[in-house]
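Text of structure.cif (mmCIF, N, CA and C atoms) as supplied:
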data_protein
loop_
_atom_site.label_atom_id
_atom_site.label_comp_id
_atom_site.auth_asym_id
_atom_site.auth_seq_id
_atom_site.Cartn_x
_atom_site.Cartn_y
_atom_site.Cartn_z
N MET A 28 39.83 20.52 27.38
CA MET A 28 38.77 20.07 26.51
C MET A 28 38.13 18.78 27.03
N GLU A 29 38.93 17.89 27.58
CA GLU A 29 38.41 16.63 28.11
C GLU A 29 37.47 16.88 29.29
N ARG A 30 37.79 17.88 30.09
CA ARG A 30 36.95 18.19 31.24
C ARG A 30 35.57 18.67 30.78
N ARG A 31 35.52 19.48 29.73
CA ARG A 31 34.25 19.96 29.20
C ARG A 31 33.41 18.81 28.66
N LYS A 32 34.07 17.90 27.96
CA LYS A 32 33.35 16.76 27.42
C LYS A 32 32.80 15.90 28.55
N PHE A 33 33.61 15.68 29.58
CA PHE A 33 33.17 14.89 30.72
C PHE A 33 31.99 15.56 31.42
N LEU A 34 32.09 16.87 31.64
CA LEU A 34 31.01 17.59 32.31
C LEU A 34 29.72 17.56 31.49
N SER A 35 29.82 17.71 30.18
CA SER A 35 28.60 17.68 29.35
C SER A 35 27.96 16.30 29.37
N LEU A 36 28.76 15.24 29.34
CA LEU A 36 28.22 13.89 29.43
C LEU A 36 27.60 13.63 30.80
N ALA A 37 28.24 14.12 31.85
CA ALA A 37 27.71 13.93 33.20
C ALA A 37 26.39 14.65 33.38
N VAL A 38 26.28 15.87 32.87
CA VAL A 38 25.02 16.61 32.96
C VAL A 38 23.92 15.91 32.17
N GLY A 39 24.24 15.40 30.98
CA GLY A 39 23.25 14.67 30.18
C GLY A 39 22.77 13.41 30.88
N ALA A 40 23.70 12.67 31.48
CA ALA A 40 23.33 11.45 32.20
C ALA A 40 22.48 11.78 33.42
N LEU A 41 22.80 12.84 34.12
CA LEU A 41 22.03 13.25 35.28
C LEU A 41 20.62 13.67 34.89
N ALA A 42 20.49 14.40 33.79
CA ALA A 42 19.16 14.82 33.31
C ALA A 42 18.30 13.61 32.96
N LEU A 43 18.89 12.62 32.34
CA LEU A 43 18.15 11.40 31.98
C LEU A 43 17.74 10.63 33.24
N ALA A 44 18.63 10.60 34.22
CA ALA A 44 18.35 9.85 35.43
C ALA A 44 17.22 10.47 36.25
N VAL A 45 17.10 11.77 36.24
CA VAL A 45 16.08 12.42 37.05
C VAL A 45 14.78 12.65 36.30
N THR A 46 14.73 12.30 35.01
CA THR A 46 13.49 12.43 34.25
C THR A 46 12.47 11.45 34.81
N PRO A 47 11.30 11.94 35.21
CA PRO A 47 10.30 11.04 35.78
C PRO A 47 9.87 9.97 34.78
N ALA A 48 9.51 8.82 35.30
CA ALA A 48 9.07 7.72 34.43
C ALA A 48 7.82 8.10 33.65
N ALA A 49 7.01 9.02 34.19
CA ALA A 49 5.79 9.42 33.50
C ALA A 49 6.07 10.16 32.20
N VAL A 50 7.25 10.76 32.10
CA VAL A 50 7.59 11.51 30.90
C VAL A 50 8.12 10.57 29.81
N ARG A 51 8.67 9.46 30.22
CA ARG A 51 9.20 8.50 29.26
C ARG A 51 8.05 7.72 28.64
N ALA A 52 8.04 7.64 27.34
CA ALA A 52 6.95 6.95 26.65
C ALA A 52 7.35 5.53 26.29
N GLU A 53 6.41 4.62 26.41
CA GLU A 53 6.62 3.25 25.98
C GLU A 53 6.26 3.16 24.50
N ASP A 54 7.04 2.42 23.75
CA ASP A 54 6.74 2.22 22.33
C ASP A 54 6.00 0.89 22.19
N PHE A 55 4.66 0.96 22.27
CA PHE A 55 3.86 -0.26 22.21
C PHE A 55 3.95 -0.93 20.85
N ARG A 56 4.33 -0.19 19.80
CA ARG A 56 4.49 -0.82 18.48
C ARG A 56 5.65 -1.80 18.48
N LYS A 57 6.69 -1.50 19.25
CA LYS A 57 7.83 -2.42 19.36
C LYS A 57 7.58 -3.48 20.43
N MET A 58 6.96 -3.06 21.55
CA MET A 58 6.74 -3.99 22.65
C MET A 58 5.69 -5.05 22.31
N LYS A 59 4.63 -4.63 21.61
CA LYS A 59 3.51 -5.53 21.31
C LYS A 59 3.08 -5.35 19.85
N PRO A 60 3.90 -5.82 18.91
CA PRO A 60 3.60 -5.57 17.49
C PRO A 60 2.31 -6.23 16.99
N LYS A 61 1.87 -7.32 17.61
CA LYS A 61 0.66 -8.00 17.14
C LYS A 61 -0.60 -7.16 17.38
N VAL A 62 -0.53 -6.22 18.33
CA VAL A 62 -1.67 -5.33 18.56
C VAL A 62 -1.96 -4.53 17.31
N TRP A 63 -0.91 -4.08 16.65
CA TRP A 63 -1.05 -3.13 15.53
C TRP A 63 -1.31 -3.80 14.20
N THR A 64 -1.22 -5.13 14.14
CA THR A 64 -1.51 -5.85 12.90
C THR A 64 -2.80 -6.66 13.00
N ALA A 65 -3.42 -6.68 14.17
CA ALA A 65 -4.66 -7.44 14.36
C ALA A 65 -5.79 -6.79 13.56
N HIS A 66 -6.60 -7.63 12.91
CA HIS A 66 -7.68 -7.14 12.08
C HIS A 66 -9.02 -7.09 12.82
N LYS A 67 -9.11 -7.77 13.94
CA LYS A 67 -10.34 -7.79 14.73
C LYS A 67 -10.07 -7.15 16.09
N VAL A 68 -11.07 -6.46 16.62
CA VAL A 68 -10.92 -5.77 17.89
C VAL A 68 -10.55 -6.75 19.01
N ASP A 69 -11.24 -7.87 19.11
CA ASP A 69 -10.94 -8.85 20.16
C ASP A 69 -9.51 -9.36 20.07
N ASP A 70 -9.01 -9.58 18.86
CA ASP A 70 -7.62 -10.04 18.68
C ASP A 70 -6.63 -8.97 19.13
N ALA A 71 -6.92 -7.71 18.83
CA ALA A 71 -6.03 -6.61 19.24
C ALA A 71 -6.03 -6.44 20.75
N ILE A 72 -7.21 -6.54 21.37
CA ILE A 72 -7.30 -6.42 22.83
C ILE A 72 -6.56 -7.56 23.50
N THR A 73 -6.72 -8.76 22.98
CA THR A 73 -6.01 -9.92 23.54
C THR A 73 -4.50 -9.76 23.38
N ALA A 74 -4.05 -9.26 22.25
CA ALA A 74 -2.61 -9.04 22.05
C ALA A 74 -2.07 -7.97 23.00
N MET A 75 -2.89 -6.99 23.34
CA MET A 75 -2.45 -5.91 24.22
C MET A 75 -2.49 -6.33 25.68
N TYR A 76 -3.58 -6.99 26.10
CA TYR A 76 -3.80 -7.25 27.52
C TYR A 76 -3.82 -8.72 27.91
N GLY A 77 -3.82 -9.63 26.94
CA GLY A 77 -3.83 -11.05 27.25
C GLY A 77 -5.22 -11.64 27.45
N THR A 78 -6.24 -10.79 27.44
CA THR A 78 -7.62 -11.24 27.62
C THR A 78 -8.57 -10.18 27.05
N THR A 79 -9.82 -10.59 26.84
CA THR A 79 -10.83 -9.62 26.43
C THR A 79 -11.86 -9.40 27.55
N ALA A 80 -11.66 -10.05 28.68
CA ALA A 80 -12.60 -9.94 29.80
C ALA A 80 -12.48 -8.56 30.43
N ALA A 81 -13.50 -7.74 30.24
CA ALA A 81 -13.50 -6.39 30.78
C ALA A 81 -14.86 -6.07 31.38
N THR A 82 -14.86 -5.29 32.43
CA THR A 82 -16.10 -4.81 33.04
C THR A 82 -16.64 -3.69 32.17
N LYS A 83 -17.89 -3.82 31.76
CA LYS A 83 -18.49 -2.84 30.85
C LYS A 83 -19.07 -1.66 31.63
N SER A 84 -18.20 -0.97 32.35
CA SER A 84 -18.62 0.23 33.09
C SER A 84 -17.40 1.08 33.40
N GLY A 85 -17.67 2.34 33.74
CA GLY A 85 -16.60 3.23 34.16
C GLY A 85 -15.91 3.97 33.03
N VAL A 86 -16.28 3.68 31.77
CA VAL A 86 -15.64 4.31 30.62
C VAL A 86 -16.74 4.86 29.70
N THR A 87 -16.62 6.13 29.34
CA THR A 87 -17.60 6.76 28.45
C THR A 87 -16.92 7.15 27.15
N VAL A 88 -17.46 6.65 26.04
CA VAL A 88 -16.98 7.01 24.71
C VAL A 88 -18.07 7.85 24.05
N THR A 89 -17.69 9.06 23.60
CA THR A 89 -18.65 9.97 22.99
C THR A 89 -18.21 10.29 21.57
N THR A 90 -19.14 10.15 20.63
CA THR A 90 -18.93 10.50 19.22
C THR A 90 -20.23 11.10 18.70
N PRO A 91 -20.20 11.73 17.54
CA PRO A 91 -21.48 12.12 16.94
C PRO A 91 -22.25 10.86 16.52
N ASP A 92 -23.57 10.97 16.45
CA ASP A 92 -24.37 9.82 15.99
C ASP A 92 -24.03 9.47 14.55
N VAL A 93 -23.84 10.52 13.72
CA VAL A 93 -23.46 10.35 12.33
C VAL A 93 -22.27 11.26 12.06
N ALA A 94 -21.16 10.67 11.64
CA ALA A 94 -19.97 11.45 11.29
C ALA A 94 -20.06 11.82 9.82
N ALA A 95 -20.04 13.10 9.53
CA ALA A 95 -20.16 13.57 8.15
C ALA A 95 -18.95 13.19 7.32
N ASN A 96 -17.78 13.13 7.96
CA ASN A 96 -16.54 12.85 7.25
C ASN A 96 -15.77 11.78 8.00
N GLY A 97 -15.61 10.62 7.41
CA GLY A 97 -14.86 9.54 8.04
C GLY A 97 -13.38 9.82 8.15
N GLY A 98 -12.90 10.87 7.50
CA GLY A 98 -11.48 11.23 7.58
C GLY A 98 -11.09 11.87 8.89
N ALA A 99 -12.07 12.36 9.65
CA ALA A 99 -11.78 12.99 10.93
C ALA A 99 -13.00 12.83 11.84
N VAL A 100 -13.13 11.67 12.45
CA VAL A 100 -14.24 11.39 13.34
C VAL A 100 -13.83 11.81 14.76
N PRO A 101 -14.52 12.79 15.37
CA PRO A 101 -14.15 13.21 16.73
C PRO A 101 -14.59 12.16 17.76
N VAL A 102 -13.66 11.81 18.64
CA VAL A 102 -13.93 10.82 19.68
C VAL A 102 -13.47 11.40 21.01
N ASN A 103 -14.31 11.30 22.03
CA ASN A 103 -13.94 11.71 23.38
C ASN A 103 -14.05 10.49 24.28
N VAL A 104 -13.05 10.30 25.13
CA VAL A 104 -13.04 9.20 26.10
C VAL A 104 -12.87 9.81 27.48
N LYS A 105 -13.76 9.42 28.40
CA LYS A 105 -13.68 9.90 29.78
C LYS A 105 -13.79 8.72 30.74
N SER A 106 -13.08 8.83 31.86
CA SER A 106 -13.16 7.83 32.91
C SER A 106 -12.58 8.40 34.19
N ASP A 107 -13.12 7.98 35.32
CA ASP A 107 -12.59 8.36 36.64
C ASP A 107 -11.72 7.25 37.22
N ILE A 108 -11.47 6.21 36.45
CA ILE A 108 -10.67 5.07 36.91
C ILE A 108 -9.19 5.47 36.94
N SER A 109 -8.49 5.08 37.99
CA SER A 109 -7.05 5.29 38.06
C SER A 109 -6.41 4.27 37.12
N ALA A 110 -5.85 4.76 36.00
CA ALA A 110 -5.48 3.87 34.91
C ALA A 110 -3.98 3.77 34.68
N LYS A 111 -3.56 2.59 34.21
CA LYS A 111 -2.21 2.39 33.69
C LYS A 111 -2.17 2.73 32.22
N THR A 112 -3.16 2.23 31.47
CA THR A 112 -3.23 2.49 30.03
C THR A 112 -4.68 2.72 29.62
N VAL A 113 -4.82 3.46 28.51
CA VAL A 113 -6.11 3.66 27.87
C VAL A 113 -5.89 3.35 26.39
N SER A 114 -6.65 2.40 25.86
CA SER A 114 -6.51 1.97 24.47
C SER A 114 -7.81 2.18 23.73
N ILE A 115 -7.69 2.59 22.47
CA ILE A 115 -8.87 2.78 21.63
C ILE A 115 -8.75 1.88 20.40
N PHE A 116 -9.84 1.17 20.10
CA PHE A 116 -9.91 0.25 18.97
C PHE A 116 -11.16 0.56 18.16
N GLN A 117 -11.18 0.14 16.89
CA GLN A 117 -12.35 0.32 16.04
C GLN A 117 -12.44 -0.85 15.07
N ASP A 118 -13.63 -1.11 14.56
CA ASP A 118 -13.83 -2.27 13.69
C ASP A 118 -14.13 -1.90 12.24
N ALA A 119 -13.91 -0.64 11.85
CA ALA A 119 -14.25 -0.21 10.49
C ALA A 119 -13.07 -0.24 9.52
N ASN A 120 -11.87 -0.28 10.02
CA ASN A 120 -10.66 -0.25 9.19
C ASN A 120 -9.96 -1.60 9.23
N PRO A 121 -9.03 -1.83 8.33
CA PRO A 121 -8.33 -3.13 8.31
C PRO A 121 -7.59 -3.47 9.60
N GLU A 122 -6.94 -2.50 10.25
CA GLU A 122 -6.28 -2.75 11.53
C GLU A 122 -7.14 -2.14 12.63
N ALA A 123 -7.34 -2.90 13.71
CA ALA A 123 -8.29 -2.51 14.76
C ALA A 123 -7.74 -1.48 15.74
N ALA A 124 -6.44 -1.53 16.04
CA ALA A 124 -5.88 -0.63 17.06
C ALA A 124 -5.76 0.79 16.52
N VAL A 125 -6.12 1.76 17.37
CA VAL A 125 -6.02 3.16 17.00
C VAL A 125 -4.89 3.83 17.78
N ILE A 126 -4.96 3.75 19.12
CA ILE A 126 -3.97 4.43 19.95
C ILE A 126 -3.94 3.80 21.34
N VAL A 127 -2.79 3.91 22.00
CA VAL A 127 -2.65 3.49 23.39
C VAL A 127 -1.99 4.64 24.14
N PHE A 128 -2.65 5.09 25.21
CA PHE A 128 -2.09 6.11 26.08
C PHE A 128 -1.56 5.43 27.33
N GLU A 129 -0.35 5.80 27.76
CA GLU A 129 0.18 5.32 29.02
C GLU A 129 -0.12 6.38 30.07
N CYS A 130 -0.67 5.99 31.20
CA CYS A 130 -1.11 6.93 32.23
C CYS A 130 -0.35 6.72 33.53
N ASN A 131 -0.44 7.73 34.40
CA ASN A 131 0.05 7.57 35.76
C ASN A 131 -1.08 7.92 36.71
N LYS A 132 -0.83 7.90 38.00
CA LYS A 132 -1.92 8.10 38.96
C LYS A 132 -2.49 9.51 38.93
N TYR A 133 -1.80 10.46 38.28
CA TYR A 133 -2.28 11.83 38.20
C TYR A 133 -2.99 12.14 36.87
N THR A 134 -3.05 11.19 35.96
CA THR A 134 -3.66 11.43 34.66
C THR A 134 -5.17 11.59 34.79
N ILE A 135 -5.67 12.65 34.18
CA ILE A 135 -7.11 12.86 34.09
C ILE A 135 -7.53 12.32 32.73
N ILE A 136 -8.36 11.31 32.75
CA ILE A 136 -8.76 10.67 31.50
C ILE A 136 -9.96 11.43 30.92
N ASP A 137 -9.64 12.32 30.01
CA ASP A 137 -10.62 13.10 29.26
C ASP A 137 -9.94 13.44 27.94
N PHE A 138 -9.83 12.44 27.07
CA PHE A 138 -9.05 12.55 25.84
C PHE A 138 -9.95 12.84 24.65
N ASP A 139 -9.55 13.78 23.82
CA ASP A 139 -10.22 14.08 22.57
C ASP A 139 -9.28 13.77 21.43
N ILE A 140 -9.69 12.90 20.51
CA ILE A 140 -8.88 12.59 19.33
C ILE A 140 -9.78 12.56 18.11
N ASN A 141 -9.19 12.64 16.95
CA ASN A 141 -9.89 12.42 15.68
C ASN A 141 -9.31 11.17 15.06
N ILE A 142 -10.18 10.28 14.59
CA ILE A 142 -9.69 9.06 13.95
C ILE A 142 -10.32 8.93 12.56
N LYS A 143 -9.66 8.16 11.72
CA LYS A 143 -10.20 7.85 10.40
C LYS A 143 -11.02 6.57 10.49
N MET A 144 -12.16 6.59 9.83
CA MET A 144 -12.99 5.39 9.74
C MET A 144 -13.48 5.28 8.31
N GLY A 145 -13.20 4.17 7.68
CA GLY A 145 -13.58 3.96 6.29
C GLY A 145 -15.05 3.63 6.10
N ALA A 146 -15.73 3.29 7.19
CA ALA A 146 -17.14 2.92 7.12
C ALA A 146 -17.74 3.07 8.52
N SER A 147 -19.03 2.85 8.61
CA SER A 147 -19.69 2.86 9.92
C SER A 147 -19.14 1.72 10.76
N GLY A 148 -19.14 1.91 12.09
CA GLY A 148 -18.61 0.85 12.94
C GLY A 148 -18.70 1.20 14.41
N THR A 149 -17.99 0.41 15.22
CA THR A 149 -17.99 0.56 16.66
C THR A 149 -16.60 0.91 17.16
N ILE A 150 -16.55 1.88 18.05
CA ILE A 150 -15.30 2.28 18.70
C ILE A 150 -15.33 1.70 20.10
N THR A 151 -14.25 1.04 20.48
CA THR A 151 -14.14 0.41 21.80
C THR A 151 -12.96 1.02 22.53
N CYS A 152 -13.18 1.39 23.78
CA CYS A 152 -12.10 1.90 24.62
C CYS A 152 -11.90 0.94 25.78
N ILE A 153 -10.65 0.57 26.02
CA ILE A 153 -10.30 -0.29 27.15
C ILE A 153 -9.41 0.51 28.09
N VAL A 154 -9.79 0.56 29.36
CA VAL A 154 -8.98 1.20 30.39
C VAL A 154 -8.43 0.11 31.30
N GLU A 155 -7.11 0.05 31.40
CA GLU A 155 -6.46 -0.90 32.31
C GLU A 155 -6.22 -0.16 33.62
N GLY A 156 -6.93 -0.57 34.66
CA GLY A 156 -6.80 0.10 35.95
C GLY A 156 -5.56 -0.31 36.71
N HIS A 157 -5.17 0.54 37.66
CA HIS A 157 -4.05 0.19 38.54
C HIS A 157 -4.39 -1.00 39.42
N ASP A 158 -5.68 -1.35 39.50
CA ASP A 158 -6.10 -2.53 40.25
C ASP A 158 -5.94 -3.82 39.45
N GLY A 159 -5.43 -3.70 38.19
CA GLY A 159 -5.20 -4.87 37.35
C GLY A 159 -6.40 -5.29 36.53
N LYS A 160 -7.54 -4.64 36.71
CA LYS A 160 -8.75 -5.00 35.97
C LYS A 160 -8.87 -4.18 34.69
N LEU A 161 -9.64 -4.71 33.75
CA LEU A 161 -9.93 -4.01 32.51
C LEU A 161 -11.37 -3.50 32.54
N TYR A 162 -11.56 -2.29 32.06
CA TYR A 162 -12.88 -1.66 31.98
C TYR A 162 -13.09 -1.23 30.54
N SER A 163 -14.35 -1.27 30.06
CA SER A 163 -14.56 -0.93 28.66
C SER A 163 -15.77 -0.04 28.47
N GLY A 164 -15.75 0.67 27.36
CA GLY A 164 -16.87 1.46 26.91
C GLY A 164 -16.89 1.39 25.39
N THR A 165 -18.07 1.40 24.79
CA THR A 165 -18.17 1.32 23.33
C THR A 165 -19.16 2.35 22.82
N ARG A 166 -19.03 2.64 21.55
CA ARG A 166 -19.94 3.57 20.89
C ARG A 166 -20.01 3.18 19.42
N THR A 167 -21.22 2.97 18.91
CA THR A 167 -21.43 2.66 17.50
C THR A 167 -21.89 3.92 16.80
N LEU A 168 -21.34 4.18 15.61
CA LEU A 168 -21.73 5.37 14.87
C LEU A 168 -21.78 5.10 13.38
N GLU A 169 -22.52 5.95 12.70
CA GLU A 169 -22.63 5.90 11.25
C GLU A 169 -21.61 6.89 10.65
N VAL A 170 -21.00 6.48 9.56
CA VAL A 170 -20.08 7.37 8.84
C VAL A 170 -20.68 7.63 7.47
N ALA A 171 -20.95 8.91 7.18
CA ALA A 171 -21.60 9.28 5.92
C ALA A 171 -20.67 9.14 4.73
N ALA A 172 -19.41 9.57 4.88
CA ALA A 172 -18.42 9.48 3.80
C ALA A 172 -17.15 8.89 4.38
N GLY A 173 -16.69 7.76 3.81
CA GLY A 173 -15.51 7.09 4.33
C GLY A 173 -14.26 7.95 4.26
N GLY A 174 -13.34 7.71 5.18
CA GLY A 174 -12.14 8.54 5.25
C GLY A 174 -10.86 7.81 4.97
N CYS A 175 -10.90 6.61 4.49
CA CYS A 175 -9.67 5.83 4.29
C CYS A 175 -9.38 5.59 2.81
N GLU A 176 -9.92 6.41 1.94
CA GLU A 176 -9.65 6.20 0.52
C GLU A 176 -8.29 6.74 0.11
N GLY A 177 -7.71 7.58 0.94
CA GLY A 177 -6.41 8.11 0.55
C GLY A 177 -6.00 9.32 1.25
#
Target format structure tokens, applied to this file:
Amino acid sequence: MERRKFLSLAVGALALAVTPAAVRAEDFRKMKPKVWTAHKVDDAITAMYGTTAATKSGVTVTTPDVAANGGAVPVNVKSDISAKTVSIFQDANPEAAVIVFECNKYTIIDFDINIKMGASGTITCIVEGHDGKLYSGTRTLEVAAGGCEG
């Protein structure tokens, strides 16, 4: 019985050791909690990256001009930049941070998500490149019916 237990533990440890780093997810809520409690986009970006200085090119944020339902606003983010992280922020809700994606050199940045927005506002995407620079794209949209009432 001891041999079986040893073998099962050894196989589990080996599986964990060979799991690529790209499969392991970082918990940015634990690593950088101030990002998720920041009420302003600039404060959240600073908490995530240490600065708000970003090149305003290389990132495309696409949304409808007018979102009929703020409970599910479709957002598409595209970029050809080789990225470490992709973060999305908005200024319509009490907390500015929406999501952070961790990327590797093989990640194709073409993300589609739905976010809640309680009012009209601006969505900002920050791409942290492998070159250490920050790149940004923004999109302002109108929300016909707020989505954060409950």
Task: Atomic separation - atom C of Lys59 (chain A) relative to atom C of Thr73 (chain A), Å - done: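 Atom-to-atom, atom C of Thr73 (chain A) to atom C of Lys59 (chain A), that is 9.5 Å.
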Name every residue that the PyMOL selection byres ((chain A and resi 87) around 8) selects in this structure, writing the answer as a PDB file with N, CA and C atoms, in the coordinates of the input with chains first and numbers rising.
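Everything below was put into out_16.pdb:
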ATOM      1  N   SER A  84     -18.200  -0.970  32.350  1.00  0.00           N
ATOM      2  CA  SER A  84     -18.620   0.230  33.090  1.00  0.00           C
ATOM      3  C   SER A  84     -17.400   1.080  33.400  1.00  0.00           C
ATOM      4  N   GLY A  85     -17.670   2.340  33.740  1.00  0.00           N
ATOM      5  CA  GLY A  85     -16.600   3.230  34.160  1.00  0.00           C
ATOM      6  C   GLY A  85     -15.910   3.970  33.030  1.00  0.00           C
ATOM      7  N   VAL A  86     -16.280   3.680  31.770  1.00  0.00           N
ATOM      8  CA  VAL A  86     -15.640   4.310  30.620  1.00  0.00           C
ATOM      9  C   VAL A  86     -16.740   4.860  29.700  1.00  0.00           C
ATOM     10  N   VAL A  88     -17.460   6.650  26.040  1.00  0.00           N
ATOM     11  CA  VAL A  88     -16.980   7.010  24.710  1.00  0.00           C
ATOM     12  C   VAL A  88     -18.070   7.850  24.050  1.00  0.00           C
ATOM     13  N   THR A  89     -17.690   9.060  23.600  1.00  0.00           N
ATOM     14  CA  THR A  89     -18.650   9.970  22.990  1.00  0.00           C
ATOM     15  C   THR A  89     -18.210  10.290  21.570  1.00  0.00           C
ATOM     16  N   THR A  90     -19.140  10.150  20.630  1.00  0.00           N
ATOM     17  CA  THR A  90     -18.930  10.500  19.220  1.00  0.00           C
ATOM     18  C   THR A  90     -20.230  11.100  18.700  1.00  0.00           C
ATOM     19  N   ASN A 103     -14.310  11.300  22.030  1.00  0.00           N
ATOM     20  CA  ASN A 103     -13.940  11.710  23.380  1.00  0.00           C
ATOM     21  C   ASN A 103     -14.050  10.490  24.280  1.00  0.00           C
ATOM     22  N   VAL A 104     -13.050  10.300  25.130  1.00  0.00           N
ATOM     23  CA  VAL A 104     -13.040   9.200  26.100  1.00  0.00           C
ATOM     24  C   VAL A 104     -12.870   9.810  27.480  1.00  0.00           C
ATOM     25  N   LYS A 105     -13.760   9.420  28.400  1.00  0.00           N
ATOM     26  CA  LYS A 105     -13.680   9.900  29.780  1.00  0.00           C
ATOM     27  C   LYS A 105     -13.790   8.720  30.740  1.00  0.00           C
ATOM     28  N   SER A 106     -13.080   8.830  31.860  1.00  0.00           N
ATOM     29  CA  SER A 106     -13.160   7.830  32.910  1.00  0.00           C
ATOM     30  C   SER A 106     -12.580   8.400  34.190  1.00  0.00           C
ATOM     31  N   ASP A 107     -13.120   7.980  35.320  1.00  0.00           N
ATOM     32  CA  ASP A 107     -12.590   8.360  36.640  1.00  0.00           C
ATOM     33  C   ASP A 107     -11.720   7.250  37.220  1.00  0.00           C
ATOM     34  N   CYS A 152     -13.180   1.390  23.780  1.00  0.00           N
ATOM     35  CA  CYS A 152     -12.100   1.900  24.620  1.00  0.00           C
ATOM     36  C   CYS A 152     -11.900   0.940  25.780  1.00  0.00           C
ATOM     37  N   SER A 163     -14.350  -1.270  30.060  1.00  0.00           N
ATOM     38  CA  SER A 163     -14.560  -0.930  28.660  1.00  0.00           C
ATOM     39  C   SER A 163     -15.770  -0.040  28.470  1.00  0.00           C
ATOM     40  N   GLY A 164     -15.750   0.670  27.360  1.00  0.00           N
ATOM     41  CA  GLY A 164     -16.870   1.460  26.910  1.00  0.00           C
ATOM     42  C   GLY A 164     -16.890   1.390  25.390  1.00  0.00           C
ATOM     43  N   THR A 165     -18.070   1.400  24.790  1.00  0.00           N
ATOM     44  CA  THR A 165     -18.170   1.320  23.330  1.00  0.00           C
ATOM     45  C   THR A 165     -19.160   2.350  22.820  1.00  0.00           C
ATOM     46  N   ARG A 166     -19.030   2.640  21.550  1.00  0.00           N
ATOM     47  CA  ARG A 166     -19.940   3.570  20.890  1.00  0.00           C
ATOM     48  C   ARG A 166     -20.010   3.180  19.420  1.00  0.00           C
TER      49      ARG A 166
END
Task: Separation of atom N of Ala123 (chain A) from atom C of Lys111 (chain A) in Å - done: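 These atoms are spaced 20.0 Å apart.
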Task: Resolved residues for the PyMOL selection byres ((chain A and resi 120) around 8) as a list of chain:residue names - done: A:Ala65, A:His66, A:Lys67, A:Gln117, A:Asp118, A:Ala119, A:Pro121, A:Glu122, A:Ala123, A:Ala124, A:Lys143, A:Met144, A:Gly145, A:Ala146, A:Ser147, A:Gly148, A:Cys175
Next, dump the selected residues to file, keeping only N, CA and C atoms, as a PDB file, in the coordinates of the input.
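Below is the file out36.pdb, written as the result:
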ATOM      1  N   ALA A  65      -3.420  -6.680  14.170  1.00  0.00           N
ATOM      2  CA  ALA A  65      -4.660  -7.440  14.360  1.00  0.00           C
ATOM      3  C   ALA A  65      -5.790  -6.790  13.560  1.00  0.00           C
ATOM      4  N   HIS A  66      -6.600  -7.630  12.910  1.00  0.00           N
ATOM      5  CA  HIS A  66      -7.680  -7.140  12.080  1.00  0.00           C
ATOM      6  C   HIS A  66      -9.020  -7.090  12.820  1.00  0.00           C
ATOM      7  N   LYS A  67      -9.110  -7.770  13.940  1.00  0.00           N
ATOM      8  CA  LYS A  67     -10.340  -7.790  14.730  1.00  0.00           C
ATOM      9  C   LYS A  67     -10.070  -7.150  16.090  1.00  0.00           C
ATOM     10  N   GLN A 117     -11.180   0.140  16.890  1.00  0.00           N
ATOM     11  CA  GLN A 117     -12.350   0.320  16.040  1.00  0.00           C
ATOM     12  C   GLN A 117     -12.440  -0.850  15.070  1.00  0.00           C
ATOM     13  N   ASP A 118     -13.630  -1.110  14.560  1.00  0.00           N
ATOM     14  CA  ASP A 118     -13.830  -2.270  13.690  1.00  0.00           C
ATOM     15  C   ASP A 118     -14.130  -1.900  12.240  1.00  0.00           C
ATOM     16  N   ALA A 119     -13.910  -0.640  11.850  1.00  0.00           N
ATOM     17  CA  ALA A 119     -14.250  -0.210  10.490  1.00  0.00           C
ATOM     18  C   ALA A 119     -13.070  -0.240   9.520  1.00  0.00           C
ATOM     19  N   PRO A 121      -9.030  -1.830   8.330  1.00  0.00           N
ATOM     20  CA  PRO A 121      -8.330  -3.130   8.310  1.00  0.00           C
ATOM     21  C   PRO A 121      -7.590  -3.470   9.600  1.00  0.00           C
ATOM     22  N   GLU A 122      -6.940  -2.500  10.250  1.00  0.00           N
ATOM     23  CA  GLU A 122      -6.280  -2.750  11.530  1.00  0.00           C
ATOM     24  C   GLU A 122      -7.140  -2.140  12.630  1.00  0.00           C
ATOM     25  N   ALA A 123      -7.340  -2.900  13.710  1.00  0.00           N
ATOM     26  CA  ALA A 123      -8.290  -2.510  14.760  1.00  0.00           C
ATOM     27  C   ALA A 123      -7.740  -1.480  15.740  1.00  0.00           C
ATOM     28  N   ALA A 124      -6.440  -1.530  16.040  1.00  0.00           N
ATOM     29  CA  ALA A 124      -5.880  -0.630  17.060  1.00  0.00           C
ATOM     30  C   ALA A 124      -5.760   0.790  16.520  1.00  0.00           C
ATOM     31  N   LYS A 143      -9.660   8.160  11.720  1.00  0.00           N
ATOM     32  CA  LYS A 143     -10.200   7.850  10.400  1.00  0.00           C
ATOM     33  C   LYS A 143     -11.020   6.570  10.490  1.00  0.00           C
ATOM     34  N   MET A 144     -12.160   6.590   9.830  1.00  0.00           N
ATOM     35  CA  MET A 144     -12.990   5.390   9.740  1.00  0.00           C
ATOM     36  C   MET A 144     -13.480   5.280   8.310  1.00  0.00           C
ATOM     37  N   GLY A 145     -13.200   4.170   7.680  1.00  0.00           N
ATOM     38  CA  GLY A 145     -13.580   3.960   6.290  1.00  0.00           C
ATOM     39  C   GLY A 145     -15.050   3.630   6.100  1.00  0.00           C
ATOM     40  N   ALA A 146     -15.730   3.290   7.190  1.00  0.00           N
ATOM     41  CA  ALA A 146     -17.140   2.920   7.120  1.00  0.00           C
ATOM     42  C   ALA A 146     -17.740   3.070   8.520  1.00  0.00           C
ATOM     43  N   SER A 147     -19.030   2.850   8.610  1.00  0.00           N
ATOM     44  CA  SER A 147     -19.690   2.860   9.920  1.00  0.00           C
ATOM     45  C   SER A 147     -19.140   1.720  10.760  1.00  0.00           C
ATOM     46  N   GLY A 148     -19.140   1.910  12.090  1.00  0.00           N
ATOM     47  CA  GLY A 148     -18.610   0.850  12.940  1.00  0.00           C
ATOM     48  C   GLY A 148     -18.700   1.200  14.410  1.00  0.00           C
ATOM     49  N   CYS A 175     -10.900   6.610   4.490  1.00  0.00           N
ATOM     50  CA  CYS A 175      -9.670   5.830   4.290  1.00  0.00           C
ATOM     51  C   CYS A 175      -9.380   5.590   2.810  1.00  0.00           C
TER      52      CYS A 175
END
